[in-house]
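Since the structure comes first, as structure tokens, the remarks are kept for the end.
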Amino acid sequence: MKSIYHLSQHKIKGLSLVLLLAAAGLNQGCKKNFESFNTNDNLPTTEQSLALLRSAIGPIQQNIFSNYQIAQNLSSDAFSGYMMPPTPFGGGINNMNYSLNNGWNETGFNDQYTNVMAPISKIAISPLKTTAPESWGISLLVQVIAMDRVTDKFGPIPYTQAGKSLISQPYDDQKTVYNEFFKQIDTAANNLQAFITANPGKKAYYDTGDLVYSGDVAKWLKLANSLRLRLAMRIVKVDPATAKLQAEKAMAASGGLMTVPSDNAAVAQSGNRNNDLWNVTVNYDGDNAMGAALESYMVGYADPRLSIYCTPATDPLFAGKYVGIRSGANTSFNGLGKAGYKTYSSLNSSTPDNSKAPIGQKAPQILMTAAEVWFLKAEAALRGWTGAGDAQTNYETGITTSMQQWNANIGNYLADATSKPTDYVDPKNPANNAAAASTITVKWDGTASNEVKLERIITQKWLAIFPDGAEAWADFRRTGYPKLFTVANNNSGGTINTQLQIRRLPYPTAEYGNGNKDEVRKAVTLLGGPDNGGTRLWWDVNKANF
């Protein structure tokens with residue numbers, strides 16, 4: 001079992017080639033270089049270390065999605081309302097109905113330490129930090145993106161002291177973790193801006209090794225500013241002063257924010273690697289399908305992106321219709337199992353160029369989009385923050401930008417003041433039926449209350465950031481929007497309130513059984529509630545948004 005102890009520093013004079021390559025999980029071509037160089041008794045020179053780092057950054061970026069099916073798809077993707085597996089894993093008793101599977105969930109905790117944070121800790125002690133500070137800045141942003149996914153699933157995590165001891169790994173409360181994120185974004189943005197000023201038009205040292213922007217420093221700076229805005233909004237209910245400070249800093253920062261689809265941050269595939277959602281949905285013989293909530297909103301709105309995101313059902317009873325699966329549904333109903341439910345609507349894996357389908361076999365995996373940033377600005381404007389602009393303009397630009405991203409014909413979508421989400425009807429099991437969770441429409445209404453405006457913003461944001469279940473689930477917990485169907489079956493034993501829905505994942509049981517047990521117990525104290533799926537995170541405050 002992988003553990004966070006892989007982060008422990010080794011006493012080395014230079015960058016350890018063995019540690020770097022083992023942690024980064026490089027492809028076979030790089031392993032050949034490793035084998036030849038590992039026969040040399042000398043440590044790598046600065047030039048050799050830097051060359052290896054250029055090869056390492058891509059695999060590190062890809063490992064943000066490490067063990068995707070069990071680390072994200074069978075948790076965040078489903079809890080966000082986007083997806084639901086037709087497969088009755090564990091005899092139908094699993095995460096989907098709140099019987100939380102430790103063996104699945106621990107990967108979402110451990111993998112980011114071993115596959116992202118550990119190799120970046122080696123980069124921190126390499127020559128790169130001083131010889132190519134712009135690339136160190138990129139590394140920091142990759143780490144923040146990866147570790148934000150961990151803290152937003154579990155709560156307090158080892159972060160500021162991670163890897164500094166062989167004995168134990170102290171946990172930080174989430175406020176400390178977020179403050180450290182903001183400091184690391186400061187460092188990254190400053191390094192990137194200094195590089196741009198001194199080297200106009202030049203690419204970062206990482207260049208071709210970078211699977212997100214191919215070393216385009218200006219785009220990385222936009223991502224740094226946009227990421228700051230995302231994280232600022234995450235903490236708005238618990239620490240509004242810091243949220244406002246960081247958001248206004250992001251919106252005023254040199255380099256600007258992401259504004260158009262060409263600014264989008266996504267990790268490209270390389271070599272024989274496929275898109276992880278494609279693997280789960282197609283390569284694993286249909287282990288993933290459209291969620292009922294996605295059907296309700298997209299069918300109800302006659303959303304132009306529907307046929308781009310999803311495929312019609314193939315079941316003879318309702319072929320050609322878009323029919324999702326309700327979260328927590330008993331897919332073993334009447335012995336149907338996977339065979340009975342894999343004929344419901346799936347996710348679209350094919351377009352004329354399947355690298356551009358949301359889950360095409362070679363489609364890049366999205367980290368953040370310009371559309372999301374426009375919705376963040378819409379919410380910032382709603383809160384009256386300096387630099388945010390006009391809420392309606394930002395809201396409508398967010399929708400338009402998403403339509404452009406997916407080459408969808410927007411038509412009269414922005415003017416639709418009547419279409420509403422639909423009720424959910426399971427054609428095979430009426431026990432899963434549910435009335436529409438919301439009556440929100442698309443067209444902006446300047447006379448509505450701020451709370452209604454926020455629901456409109458977050459609902460369209462949710463539709464725009466598909467298929468990023470990690471961010472969508474975090475937004476749902478923070479705001480309560482979009483309104484989602486509750487689980488059809490709740491097997492949490494009373495630890496998770498059906499109406500409130502799941503708030504987090506429990507810590508891996510291994511943390512209680514090794515040398516870190518005292519620290520994880522302290523973490524539960526920092527959490528402020530029992531270590532189960534019903535306890536709210538620090539930023540998940542139970543109060544009105546406005």
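Letters A, B, ... mark the chains of the structure tokens in the order given; residue numbers begin at 1 per chain; ligand numbers begin at 1, in order shown.
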
Using only C-alpha atoms, what table do you get, as a Markdown table, when you list each residue of range 373-483 of chain A with an atom no more than 12 Å from range 336-354 of chain A, its nearest pair of atoms, and their distance in Å rounded to one decimal, rows by chain then rising number?
```
| residue | atom | partner | partner_atom | distance |
| --- | --- | --- | --- | --- |
| A:Trp406 | CA | A:Thr351 | CA | 10.8 |
| A:Asn407 | CA | A:Thr351 | CA | 11.2 |
| A:Asp426 | CA | A:Tyr344 | CA | 9.7 |
| A:Pro427 | CA | A:Tyr344 | CA | 9.6 |
| A:Lys428 | CA | A:Gly340 | CA | 8.7 |
| A:Asn429 | CA | A:Leu336 | CA | 10.4 |
| A:Phe466 | CA | A:Leu347 | CA | 10.8 |
| A:Pro467 | CA | A:Leu347 | CA | 9.5 |
```

Prev. selection, C-alpha atoms, output as a CSV table (one decimal), in the first residue's frame:
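Everything below was put into again.csv:
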```csv
chain,number,residue,atom,x,y,z
A,406,TRP,CA,-17.5,22.6,-27.4
A,407,ASN,CA,-18.5,24.1,-30.7
A,426,ASP,CA,-36.4,5.5,-14.4
A,427,PRO,CA,-38.0,3.4,-17.2
A,428,LYS,CA,-37.1,0.2,-15.4
A,429,ASN,CA,-37.5,1.0,-11.7
A,466,PHE,CA,-18.4,19.2,-17.1
A,467,PRO,CA,-16.8,16.6,-16.7
```

What lies within 7 Å of range 150-158 of chain A using only C-alpha atoms, ignoring chain neighbours under 2 positions off, as a list in words?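 Contacts, with the query itself left out: Gly108, Phe109, Ala146, Met147, Asp148, Thr160, Gln161, Ala162, Gln169, Pro170, Tyr171, Asp172, Asp173, Gln174, Ala474, Arg504, Leu505, Pro506, Tyr507, Ala523, Leu526, Leu527 and Leu537 of chain A.
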
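Considering only C-alpha atoms, the residue among A:Glu455, A:Asp475, A:Asp315, A:Asp303 positioned nearest to Ala408 in chain A is A:Asp303.
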
If you run DSSP on the backbone here, which positions in range 198-252 of chain A get alpha helix (DSSP H)? Please write them as a ChimeraX atom specification. /A:198,217-234,240-252

Any idea what the distance is between CA of Gly515 in chain A and CA of Asp531 in chain A?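 Taking CA of Gly515 in chain A and CA of Asp531 in chain A, their separation equals 18.4 Å.
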